[in-house]
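What follows is a single structure, written as structure tokens, with notes after it.
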2 protein chains.
Amino acid sequence: MKGLKGACMFCQSGGPTAVINSSAAGVFLEALKQDNITEVYGAEHGVLGILQEKFYDISKEDIDELKLLRHTPSSALGSSRYKLQDYTVDPTDYMRLLEVFKKYNIRFFFYNGGNDSMDTCNKISKFMEEQDYDCNVIGVPKTIDNDLFGTDHCPGYASAAKYIATTVMECNLDAKVYNFGLVCIIEVMGRNAGWLAASAALADHTGLGADLIYLPEIPFSVDKFVQDVFKVCERNEGKCIAVVAEGLKDADGKYVGDFKAGAHDHFGHAALGGLAAILGGIIKERLGVKVRPIELSLMQRCATHLASAIDVDEAYQAGSFAVRAAVAGETDKMVVFERDYGADTYVCNPALVSLEHAANAERKVPIEWIVDGGTGISEEFVKYALPLIQGDVKVPHEHGLPRFAKLKKIYAKK
Amino acid sequence: MKGLKGACMFCQSGGPTAVINSSAAGVFLEALKQDNITEVYGAEHGVLGILQEKFYDISKEDIDELKLLRHTPSSALGSSRYKLQDYTVDPTDYMRLLEVFKKYNIRFFFYNGGNDSMDTCNKISKFMEEQDYDCNVIGVPKTIDNDLFGTDHCPGYASAAKYIATTVMECNLDAKVYNFGLVCIIEVMGRNAGWLAASAALADHTGLGADLIYLPEIPFSVDKFVQDVFKVCERNEGKCIAVVAEGLKDADGKYVGDFKAGAHDHFGHAALGGLAAILGGIIKERLGVKVRPIELSLMQRCATHLASAIDVDEAYQAGSFAVRAAVAGETDKMVVFERDYGADTYVCNPALVSLEHAANAERKVPIEWIVDGGTGISEEFVKYALPLIQGDVKVPHEHGLPRFAKLKKIYAKK
């Protein structure tokens with residue numbers, strides 16, 4: 001509703017990204033400027049911080065440190081995997097949220113996260129409305145997986161994509177340096193949607209992309225994989241770069257990477273290798289070639305030093321836009337990005353969709369963009385994603401290393 | 001000897017680094033300017049390219065592409081693991097080298113590599129002298145391991161160190177984001193010398209360094225490791241970042257990472273996990289905590305986008321200095337860097353030592369720099385290494401991705 005005045009609360013939820021803190025900077029710096037926002041709070045460890053009344057008073061932070069959040073990876077406030085109980089089953093959590101909201105006169109609520117978080121955000125919004133508690137609730141999108149519905153793309157994705165494409169290029173040069181064959185298997189994140197794996201294709205035009213790319217949208221066959229690698233090796237002096245999404249599933253829908261549950265070293269300890277290590281073992285055994293499995297692990301989502309400038313800017317914009325929208329009276333919405341595909345250059349603007357719309361579905365890579373028998377990515381994808389990874393950031397440095405934000409984290413007075 | 005005139009040959013040897021091509025740029029661009037150098041050749045796949053008469057005519061390359069080598073990772077000419085036979089046992093390889101040198105009037109020979117390569121370079125130099133063939137031979141140092149003797153530090157090391165320290169900071173923020181414990185084990189390269197693992201300590205002053213660092217200089221005990229991790233977790237909400245060198249050995253000198261040879265997944269395939277995966281499995285089992293093993297794999301040596309500007313410059317300087325030294329009549333030497341530790345700022349200049357001196361020993365991290373019961377690195381190391389990682393590079397970009405050098409690679413006419 002319009003004309004609300006009171007405190008605002010910001011939560012970071014789910015897995016971190018290289019730019020999630022840029023959204024925090026956008027929320028905080030915009031909220032501190034707004035006359036209708038009386039206090040600016042940041043919850044420790046997401047919604048858990050509200051339940052436990054542990055949240056930071058952001059007005060106590062130095063503005064320069066808040067600005068450094070633009071170039072600081074991970075979730076500065078802390079995240080959690082706590083799931084709110086369904087309030088139709090057990091309203092305890094929701095009643096507690098309401099209690100805290102009332103106590104601190106929280107009238108603006110911003111929730112930064114992916115699919116699950118938008119569902120939670122939607123439920124909180126509906127609950128507050130049912131309880132006749134006026135609070136404008138806006139979701140701020142975030143996920144490296146790029147699987148949020150209703151938006152052209154999602155803050156966090158482009159930086160991970162830029163990291164993956166750049167790293168594939170660098171590893172390609174390294175892995176192909178010798179006069180003997182090497183199969184390099186690079187594992188990226190993505191349990192259900194293959195946007196991250198597809199981003200390796202952004203390097204295709206450089207000649208240093210991957211030879212094979214496997215997305216979870218297509219059922220994965222180990223036998224076909226071995227054949228695919230064999231064919232590439234045959235025409236390329238035994239050298240092959242394959243990119244695999246961690247969430248590859250076989251025809252029965254079983255995760256290929258879960259086979260690792262059975263892996264043990266010779267002490268009988270369970271080994272903790274990922275999908276790349278498993279596929280690497282199979283390739284080595286069946287083809288008798290040298291294999292280098294590489295897991296891009298946390299680096300793909302926290303390499304702020306290699307973030308896309310567009311992504312950093314849009315993440316910030318998502319935060320500041322959310323605040324302006326809430327103050328203007330919007331509620332129960334998520335910020336989305338709408339791209340003008342008719343424009344000559346990249347033009348993308350923030351807008352709002354209902355949280356229900358955004359939370360309802362998981363957006364996958366269109367099947368028609370997956371080509372070459374499930375091992376390649378079409379030019380349509382490149383046209384879609386390449387504009388997103390443009391621009392380099394200049395992370396502030398001290399003594400040759402990044403200078404990340406240092407927050408005082410002073411709890412709000414109870 | 002002085003006054004030589006003829007062709008020059010440049011070889012890249014051993015594992016690639018982020019800046020080995022910067023040395024190539026230094027050699028090529030300097031050699032192309034020298035009146036006494038009639039032809040500039042680059043051997044394909046190191047010394048193998050000379051034996052097989054496969055080397056590129058560098059004068060055919062665009063100068064702009066040669067300049068891009070400064071910011072192109074991996075060995076642009078290709079590397080090999082071919083080992084020359086000892087010429088006192090079997091002189092075939094050496095006689096063939098001499099034959100090729102004579103055929104192309106090669107009077108300047110530059111060999112870019114680490115310990116083994118400098119030994120080879122030394123032998124070639126001695127052999128040519130014994131055969132009364134005048135050729136000025138200069139070794140150009142290169143290794144991320146930083147274990148070359150006779151030099152303050154080695155081109156390639158600083159960029160890998162900067163990558164490791166930055167990545168430890170980024171992963172630290174990411175891994176500690178949740179409200180539950182996580183042990184993150186980060187594996188870096190280094191079979192015998194722990195310079196790379198030590199570089200994680202460069203992040204200590206930021207508060208985002210590793211909690212534990214293990215170098216191969218100190219015998220490794222799995223039991224002590226488990227205790228060390230337990231203690232850190234106890235005082236730090238179950239969170240711990242440990243950096244381990246791949247070459248950790250137990251008290252009997254056996255590589256801890258070789259235990260992986262016994263690892264199998266439940267198909268019976270050999271899993272290809274590294275040391276971090278093995279130690280991760282042990283920690284998970286013994287301490288019952290969540291573990292994230294991370295192997296920095298090829299990225300630590302090919303992440304040119306995060307190279308140290310000082311390293312890029314010094315690698316270039318090592319190449320150009322080698323050429324000027326050879327033309328001035330120097331031979332049987334390796335380029336080293338001499339630092340003025342009395343100066344207020346970082347001052348380091350190239351100089352020469354005999355190849356025999358450089359090739360004879362492997363330089364390890366001084367034992368007195370390893371503190372905290374073998375889990376920490378002293379301030380002396382930081383004073384030594386921090387100046388080396390200063391300065392960021394600006395890698396030329398095209399469409400948001402690095403624009404690496406594209407060489408035509410035209411073989412010299414036989």
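The chains in the structure tokens are called A, B, ... from first to last as shown; in each chain the residues are counted from 1, and the ligands are counted from 1 in the order shown.
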Check segment 162-332 of chain A with DSSP on the backbone and list each residue it calls alpha helix (DSSP H), as a PDB file with C-alpha atoms, in the first residue's frame.
```
ATOM      1  CA  LYS A 162      31.811 -15.062 -17.380  1.00  0.00           C
ATOM      2  CA  TYR A 163      33.940 -16.994 -14.881  1.00  0.00           C
ATOM      3  CA  ILE A 164      33.099 -20.322 -16.547  1.00  0.00           C
ATOM      4  CA  ALA A 165      33.693 -19.126 -20.128  1.00  0.00           C
ATOM      5  CA  THR A 166      36.995 -17.437 -19.200  1.00  0.00           C
ATOM      6  CA  THR A 167      38.187 -20.426 -17.187  1.00  0.00           C
ATOM      7  CA  VAL A 168      37.306 -22.856 -19.974  1.00  0.00           C
ATOM      8  CA  MET A 169      39.431 -20.726 -22.341  1.00  0.00           C
ATOM      9  CA  GLU A 170      42.376 -20.613 -19.946  1.00  0.00           C
ATOM     10  CA  CYS A 171      42.150 -24.336 -19.128  1.00  0.00           C
ATOM     11  CA  ASN A 172      41.776 -25.158 -22.824  1.00  0.00           C
ATOM     12  CA  LEU A 173      45.119 -23.511 -23.570  1.00  0.00           C
ATOM     13  CA  ASP A 174      46.731 -25.226 -20.596  1.00  0.00           C
ATOM     14  CA  ALA A 175      45.272 -28.697 -21.145  1.00  0.00           C
ATOM     15  CA  TRP A 195      22.428 -22.352 -17.926  1.00  0.00           C
ATOM     16  CA  LEU A 196      25.853 -22.503 -16.269  1.00  0.00           C
ATOM     17  CA  ALA A 197      27.107 -25.409 -18.371  1.00  0.00           C
ATOM     18  CA  ALA A 198      25.777 -23.676 -21.480  1.00  0.00           C
ATOM     19  CA  VAL A 222      27.619 -42.747 -19.851  1.00  0.00           C
ATOM     20  CA  ASP A 223      28.123 -44.964 -22.924  1.00  0.00           C
ATOM     21  CA  LYS A 224      27.285 -42.149 -25.316  1.00  0.00           C
ATOM     22  CA  PHE A 225      29.566 -39.832 -23.350  1.00  0.00           C
ATOM     23  CA  VAL A 226      32.472 -42.248 -23.764  1.00  0.00           C
ATOM     24  CA  GLN A 227      31.742 -42.440 -27.510  1.00  0.00           C
ATOM     25  CA  ASP A 228      31.470 -38.650 -27.815  1.00  0.00           C
ATOM     26  CA  VAL A 229      34.828 -38.175 -26.083  1.00  0.00           C
ATOM     27  CA  PHE A 230      36.398 -40.897 -28.203  1.00  0.00           C
ATOM     28  CA  LYS A 231      35.260 -39.185 -31.419  1.00  0.00           C
ATOM     29  CA  VAL A 232      36.635 -35.801 -30.346  1.00  0.00           C
ATOM     30  CA  CYS A 233      39.943 -37.395 -29.334  1.00  0.00           C
ATOM     31  CA  GLU A 234      40.163 -39.170 -32.666  1.00  0.00           C
ATOM     32  CA  ARG A 235      40.007 -35.966 -34.686  1.00  0.00           C
ATOM     33  CA  LEU A 275      30.842 -35.948 -11.056  1.00  0.00           C
ATOM     34  CA  ALA A 276      33.967 -34.939 -13.007  1.00  0.00           C
ATOM     35  CA  ALA A 277      36.085 -37.352 -10.947  1.00  0.00           C
ATOM     36  CA  ILE A 278      33.622 -40.181 -11.578  1.00  0.00           C
ATOM     37  CA  LEU A 279      33.348 -39.553 -15.325  1.00  0.00           C
ATOM     38  CA  GLY A 280      37.119 -39.099 -15.436  1.00  0.00           C
ATOM     39  CA  GLY A 281      37.629 -42.513 -13.890  1.00  0.00           C
ATOM     40  CA  ILE A 282      35.334 -44.074 -16.472  1.00  0.00           C
ATOM     41  CA  ILE A 283      37.045 -42.353 -19.415  1.00  0.00           C
ATOM     42  CA  LYS A 284      40.482 -43.327 -18.154  1.00  0.00           C
ATOM     43  CA  GLU A 285      39.440 -46.940 -17.802  1.00  0.00           C
ATOM     44  CA  ARG A 286      37.511 -47.294 -21.061  1.00  0.00           C
ATOM     45  CA  LEU A 287      39.689 -45.186 -23.353  1.00  0.00           C
ATOM     46  CA  MET A 299      35.006 -20.359  -7.351  1.00  0.00           C
ATOM     47  CA  GLN A 300      32.338 -20.111 -10.050  1.00  0.00           C
ATOM     48  CA  ARG A 301      29.999 -18.301  -7.706  1.00  0.00           C
ATOM     49  CA  CYS A 302      32.411 -16.257  -5.584  1.00  0.00           C
ATOM     50  CA  ALA A 309      30.192  -5.245 -14.799  1.00  0.00           C
ATOM     51  CA  ILE A 310      26.665  -5.463 -16.189  1.00  0.00           C
ATOM     52  CA  ASP A 311      25.786  -8.063 -13.582  1.00  0.00           C
ATOM     53  CA  VAL A 312      27.208  -5.978 -10.717  1.00  0.00           C
ATOM     54  CA  ASP A 313      25.239  -2.958 -11.939  1.00  0.00           C
ATOM     55  CA  GLU A 314      22.005  -4.867 -12.444  1.00  0.00           C
ATOM     56  CA  ALA A 315      22.268  -6.578  -9.057  1.00  0.00           C
ATOM     57  CA  TYR A 316      22.652  -3.150  -7.465  1.00  0.00           C
ATOM     58  CA  GLN A 317      19.757  -1.841  -9.526  1.00  0.00           C
ATOM     59  CA  ALA A 318      17.555  -4.778  -8.450  1.00  0.00           C
ATOM     60  CA  GLY A 319      18.101  -3.743  -4.835  1.00  0.00           C
ATOM     61  CA  SER A 320      17.586  -0.018  -5.228  1.00  0.00           C
ATOM     62  CA  PHE A 321      14.586  -0.524  -7.538  1.00  0.00           C
ATOM     63  CA  ALA A 322      12.976  -2.825  -4.962  1.00  0.00           C
ATOM     64  CA  VAL A 323      13.263  -0.119  -2.305  1.00  0.00           C
ATOM     65  CA  ARG A 324      11.812   2.600  -4.528  1.00  0.00           C
ATOM     66  CA  ALA A 325       8.970   0.282  -5.576  1.00  0.00           C
ATOM     67  CA  ALA A 326       8.093  -0.596  -1.980  1.00  0.00           C
ATOM     68  CA  VAL A 327       8.154   3.025  -0.881  1.00  0.00           C
TER      69      VAL A 327
END
```
Quiz item: Where does DSSP see strand (DSSP E or B) in segment 170-407 of chain A, if you list the residues as an MDAnalysis selection string?
Solution: chainID A and resid 182:188 212:214 239:245 249 255 264 270 291:295 308 333:339 348:354 362 370:371 376:377 392 397:398 401:402
Output of the above residues as a CSV table (one decimal), in the first residue's frame, restricted to C-alpha atoms:
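Final output, saved to selection.csv:
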```csv
chain,number,residue,atom,x,y,z
A,182,LEU,CA,44.4,-35.3,-22.4
A,183,VAL,CA,40.7,-35.4,-21.7
A,184,CYS,CA,39.8,-32.5,-19.4
A,185,ILE,CA,36.4,-32.8,-17.7
A,186,ILE,CA,35.1,-29.5,-16.2
A,187,GLU,CA,32.2,-29.8,-13.8
A,188,VAL,CA,30.0,-26.8,-13.2
A,212,LEU,CA,31.5,-31.1,-25.6
A,213,ILE,CA,28.8,-29.6,-23.2
A,214,TYR,CA,26.3,-31.6,-21.3
A,239,LYS,CA,42.6,-33.9,-26.7
A,240,CYS,CA,39.1,-33.1,-25.5
A,241,ILE,CA,37.5,-30.6,-23.2
A,242,ALA,CA,34.1,-31.6,-21.9
A,243,VAL,CA,31.9,-29.5,-19.6
A,244,VAL,CA,29.4,-31.3,-17.5
A,245,ALA,CA,26.6,-29.9,-15.2
A,249,LYS,CA,20.7,-37.5,-14.8
A,255,TYR,CA,21.8,-38.2,-10.7
A,264,HIS,CA,35.8,-45.4,-1.2
A,270,ALA,CA,34.2,-42.4,1.5
A,291,VAL,CA,42.3,-37.5,-17.7
A,292,ARG,CA,42.1,-34.3,-15.7
A,293,PRO,CA,38.9,-33.8,-13.8
A,294,ILE,CA,38.3,-30.2,-12.7
A,295,GLU,CA,35.5,-29.0,-10.5
A,308,SER,CA,30.5,-9.0,-15.2
A,333,LYS,CA,6.1,-8.4,-6.3
A,334,MET,CA,9.5,-9.5,-7.5
A,335,VAL,CA,11.9,-7.4,-9.4
A,336,VAL,CA,12.6,-8.7,-12.9
A,337,PHE,CA,14.6,-7.6,-15.9
A,338,GLU,CA,13.0,-6.9,-19.2
A,339,ARG,CA,15.2,-6.7,-22.2
A,348,CYS,CA,17.5,-3.9,-20.1
A,349,ASN,CA,15.3,-2.4,-17.4
A,350,PRO,CA,13.9,-3.5,-14.1
A,351,ALA,CA,10.2,-4.1,-13.7
A,352,LEU,CA,7.9,-6.0,-11.4
A,353,VAL,CA,5.9,-9.2,-11.6
A,354,SER,CA,3.8,-10.8,-8.9
A,362,GLU,CA,11.7,-23.2,-12.8
A,370,ILE,CA,20.7,-27.8,-27.2
A,371,VAL,CA,22.2,-29.1,-30.4
A,376,GLY,CA,26.5,-28.4,-28.1
A,377,ILE,CA,24.8,-25.1,-27.6
A,392,ASP,CA,35.1,-5.8,-16.3
A,397,HIS,CA,42.7,-3.5,-3.9
A,398,GLU,CA,45.0,-3.3,-0.8
A,401,LEU,CA,44.6,-8.4,-2.8
A,402,PRO,CA,40.9,-7.5,-3.0
```
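Closest to chain A among B:Gly288, B:Pro155, B:Pro16, B:Gly329 is B:Pro16, based on only C-alpha atoms.
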Exercise. Go through B:Ser221, B:Thr375, B:Ser297, B:Gln85 and flag the residue nearest chain A, using only C-alpha atoms for the distances.
Key: B:Ser297
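Ranking A:Glu356, A:Asp145, A:Glu379, A:Asp258 by their shortest atom-to-atom distance to chain B, with only C-alpha atoms included, puts A:Asp258 first.
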Quiz item: segment 357-361 of chain B: which residues within 9 Å, counting only C-alpha atoms, same-chain residues fewer than 6 positions away excluded, as a PyMOL selection string?
Solution: chain B and resi 114-122+147-151+333-334+336
Quiz item: What's the 12 Å shell around Ile124 of chain A, counting only C-alpha atoms, without same-chain residues fewer than 3 positions away, as a ChimeraX atom specification?
Solution: /A:47,84-87,91,93-98,101,108-111,117-121,127-131,133-139,331-333,355-356
Next, write the just-selected residues to a file, as a compact mmCIF listing (two decimals), in the first residue's frame, keeping N, CA and C atoms as the atom set.
```
# COMPACT_ATOMS: atom_id res chain seq x y z
N VAL A 47 16.11 -15.39 7.16
CA VAL A 47 14.88 -15.29 7.94
C VAL A 47 15.07 -15.75 9.39
N LEU A 84 10.88 -22.10 6.50
CA LEU A 84 9.71 -21.77 7.33
C LEU A 84 8.68 -22.90 7.22
N GLN A 85 8.04 -23.20 8.33
CA GLN A 85 6.94 -24.16 8.30
C GLN A 85 5.81 -23.58 7.44
N ASP A 86 5.08 -24.47 6.79
CA ASP A 86 3.89 -24.04 6.06
C ASP A 86 2.88 -23.50 7.09
N TYR A 87 2.43 -22.27 6.93
CA TYR A 87 1.62 -21.68 8.01
C TYR A 87 0.22 -22.25 8.13
N PRO A 91 1.58 -22.41 12.19
CA PRO A 91 1.78 -20.98 11.99
C PRO A 91 2.82 -20.35 12.93
N ASP A 93 6.16 -20.08 13.14
CA ASP A 93 7.19 -19.22 12.54
C ASP A 93 6.59 -17.90 12.04
N TYR A 94 5.46 -18.01 11.38
CA TYR A 94 4.85 -16.81 10.79
C TYR A 94 4.35 -15.86 11.86
N MET A 95 3.77 -16.43 12.91
CA MET A 95 3.30 -15.58 14.02
C MET A 95 4.48 -14.85 14.66
N ARG A 96 5.60 -15.57 14.75
CA ARG A 96 6.81 -14.97 15.32
C ARG A 96 7.32 -13.83 14.43
N LEU A 97 7.28 -14.06 13.11
CA LEU A 97 7.69 -12.99 12.18
C LEU A 97 6.83 -11.76 12.39
N LEU A 98 5.53 -12.00 12.49
CA LEU A 98 4.59 -10.89 12.66
C LEU A 98 4.88 -10.12 13.96
N PHE A 101 7.95 -8.08 13.39
CA PHE A 101 7.62 -6.97 12.48
C PHE A 101 6.90 -5.86 13.25
N PHE A 108 8.56 -2.49 5.48
CA PHE A 108 9.12 -2.80 4.17
C PHE A 108 10.00 -4.04 4.33
N PHE A 109 9.73 -5.03 3.52
CA PHE A 109 10.47 -6.28 3.66
C PHE A 109 11.05 -6.69 2.29
N PHE A 110 12.37 -6.90 2.25
CA PHE A 110 13.05 -7.26 1.00
C PHE A 110 13.74 -8.61 1.18
N TYR A 111 13.45 -9.51 0.28
CA TYR A 111 13.97 -10.87 0.40
C TYR A 111 14.76 -11.20 -0.87
N SER A 117 13.24 -19.11 -2.27
CA SER A 117 13.13 -17.88 -1.47
C SER A 117 11.94 -17.05 -1.93
N MET A 118 11.69 -17.04 -3.22
CA MET A 118 10.56 -16.25 -3.73
C MET A 118 9.24 -16.87 -3.29
N ASP A 119 9.24 -18.18 -3.17
CA ASP A 119 8.05 -18.87 -2.65
C ASP A 119 7.83 -18.47 -1.18
N THR A 120 8.90 -18.49 -0.40
CA THR A 120 8.81 -18.06 1.00
C THR A 120 8.35 -16.61 1.10
N CYS A 121 8.94 -15.77 0.29
CA CYS A 121 8.63 -14.35 0.26
C CYS A 121 7.15 -14.14 -0.04
N PHE A 127 0.66 -13.87 4.21
CA PHE A 127 0.35 -13.99 5.63
C PHE A 127 0.15 -12.61 6.27
N MET A 128 1.04 -11.70 5.97
CA MET A 128 0.94 -10.35 6.55
C MET A 128 -0.38 -9.70 6.11
N GLU A 129 -0.74 -9.94 4.86
CA GLU A 129 -1.99 -9.37 4.35
C GLU A 129 -3.19 -9.96 5.08
N GLU A 130 -3.15 -11.29 5.23
CA GLU A 130 -4.26 -11.96 5.94
C GLU A 130 -4.39 -11.46 7.37
N GLN A 131 -3.25 -11.12 7.96
CA GLN A 131 -3.26 -10.65 9.35
C GLN A 131 -3.51 -9.13 9.45
N TYR A 133 -1.69 -6.81 8.57
CA TYR A 133 -0.51 -6.04 8.94
C TYR A 133 0.05 -5.42 7.66
N ASP A 134 0.07 -4.11 7.59
CA ASP A 134 0.52 -3.45 6.37
C ASP A 134 2.04 -3.51 6.25
N CYS A 135 2.49 -4.19 5.22
CA CYS A 135 3.93 -4.32 4.97
C CYS A 135 4.13 -4.55 3.48
N ASN A 136 4.95 -3.72 2.88
CA ASN A 136 5.22 -3.90 1.46
C ASN A 136 6.39 -4.86 1.27
N VAL A 137 6.11 -5.95 0.57
CA VAL A 137 7.07 -7.05 0.42
C VAL A 137 7.55 -7.14 -1.02
N ILE A 138 8.85 -7.05 -1.22
CA ILE A 138 9.40 -7.14 -2.58
C ILE A 138 10.55 -8.16 -2.61
N GLY A 139 10.47 -9.08 -3.57
CA GLY A 139 11.54 -10.06 -3.77
C GLY A 139 12.62 -9.49 -4.68
N THR A 331 3.72 -4.01 -3.53
CA THR A 331 3.94 -5.13 -2.61
C THR A 331 3.64 -6.45 -3.30
N ASP A 332 4.15 -7.55 -2.72
CA ASP A 332 3.88 -8.88 -3.25
C ASP A 332 4.42 -9.04 -4.68
N LYS A 333 5.53 -8.38 -4.94
CA LYS A 333 6.12 -8.42 -6.29
C LYS A 333 7.59 -8.85 -6.21
N LEU A 355 4.83 -12.03 -7.16
CA LEU A 355 5.67 -13.08 -6.57
C LEU A 355 5.13 -14.46 -6.91
N GLU A 356 3.84 -14.59 -6.97
CA GLU A 356 3.24 -15.87 -7.29
C GLU A 356 3.67 -16.35 -8.68
```
Exercise. Would you mind listing what lies within 6 Å of Pro216 of chain B as a list in words, with only C-alpha atoms counted and same-chain residues fewer than 5 positions away left out?
Key: Asn192, Gly194, Gly247 and Leu248 of chain B
Exercise. Choose the residue, out of A:Val177, A:Val365, A:Ala43, A:Val393, that has the smallest atom-to-atom separation from chain B; count only C-alpha atoms.
Key: A:Val177
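Among the candidates A:Ala405, A:Leu208, A:Cys8, A:Ala201, the residue lying nearest to Ser22 of chain A is A:Ala405 (atoms considered: only C-alpha atoms).
In terms of minimum interatomic distance to chain B, A:Leu296 ranks closest within A:Ile20, A:Leu69, A:Ile37, A:Leu296, counting only C-alpha atoms.
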Which residues come within 7 Å of Trp369 of chain B, counting only C-alpha atoms, excluding same-chain residues fewer than 4 positions away, as an mmCIF file with N, CA and C atoms, in the first residue's frame?
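For reference, selection.cif as written:
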```cif
data_model
loop_
_atom_site.group_PDB
_atom_site.id
_atom_site.type_symbol
_atom_site.label_atom_id
_atom_site.label_comp_id
_atom_site.auth_asym_id
_atom_site.auth_seq_id
_atom_site.Cartn_x
_atom_site.Cartn_y
_atom_site.Cartn_z
ATOM 1 N N ILE B 377 52.292 -19.935 8.611
ATOM 2 C CA ILE B 377 53.428 -19.357 7.896
ATOM 3 C C ILE B 377 53.785 -18.033 8.567
ATOM 4 N N SER B 378 55.072 -17.796 8.738
ATOM 5 C CA SER B 378 55.524 -16.620 9.494
ATOM 6 C C SER B 378 55.432 -15.332 8.676
ATOM 7 N N GLU B 380 57.828 -13.396 8.039
ATOM 8 C CA GLU B 380 58.986 -13.288 7.125
ATOM 9 C C GLU B 380 58.575 -13.685 5.712
ATOM 10 N N PHE B 381 57.787 -14.745 5.615
ATOM 11 C CA PHE B 381 57.327 -15.152 4.286
ATOM 12 C C PHE B 381 56.489 -14.056 3.641
#
```
Who sits within 12 Å of Thr345 of chain A, only C-alpha atoms, same chain under 5 positions skipped, as a compact mmCIF listing (two decimals) with N, CA, C and O atoms, in the first residue's frame:
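New file result.txt:
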```
# COMPACT_ATOMS: atom_id res chain seq x y z
N ARG A 339 14.29 -7.17 -21.19
CA ARG A 339 15.24 -6.73 -22.21
C ARG A 339 14.51 -6.28 -23.47
O ARG A 339 13.52 -6.90 -23.86
N ASP A 340 15.00 -5.24 -24.09
CA ASP A 340 14.45 -4.78 -25.36
C ASP A 340 15.24 -5.46 -26.48
O ASP A 340 16.33 -5.02 -26.84
N LYS A 383 23.63 -15.45 -28.43
CA LYS A 383 23.02 -14.11 -28.62
C LYS A 383 22.33 -13.66 -27.34
O LYS A 383 22.31 -12.47 -27.02
N LEU A 386 25.66 -13.59 -24.29
CA LEU A 386 26.92 -12.83 -24.45
C LEU A 386 26.81 -11.37 -23.98
O LEU A 386 27.73 -10.87 -23.34
N PRO A 387 25.69 -10.69 -24.26
CA PRO A 387 25.61 -9.30 -23.78
C PRO A 387 25.69 -9.18 -22.25
O PRO A 387 26.08 -8.14 -21.73
N LEU A 388 25.33 -10.26 -21.56
CA LEU A 388 25.27 -10.19 -20.09
C LEU A 388 26.64 -10.19 -19.43
O LEU A 388 26.78 -9.77 -18.28
N GLN A 390 29.37 -8.66 -20.39
CA GLN A 390 30.24 -7.56 -20.83
C GLN A 390 30.70 -6.69 -19.67
O GLN A 390 29.97 -6.49 -18.70
```
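Put simply, atom CA of Thr143 of chain B is 14.0 Å away from atom CA of Ala307 of chain B.
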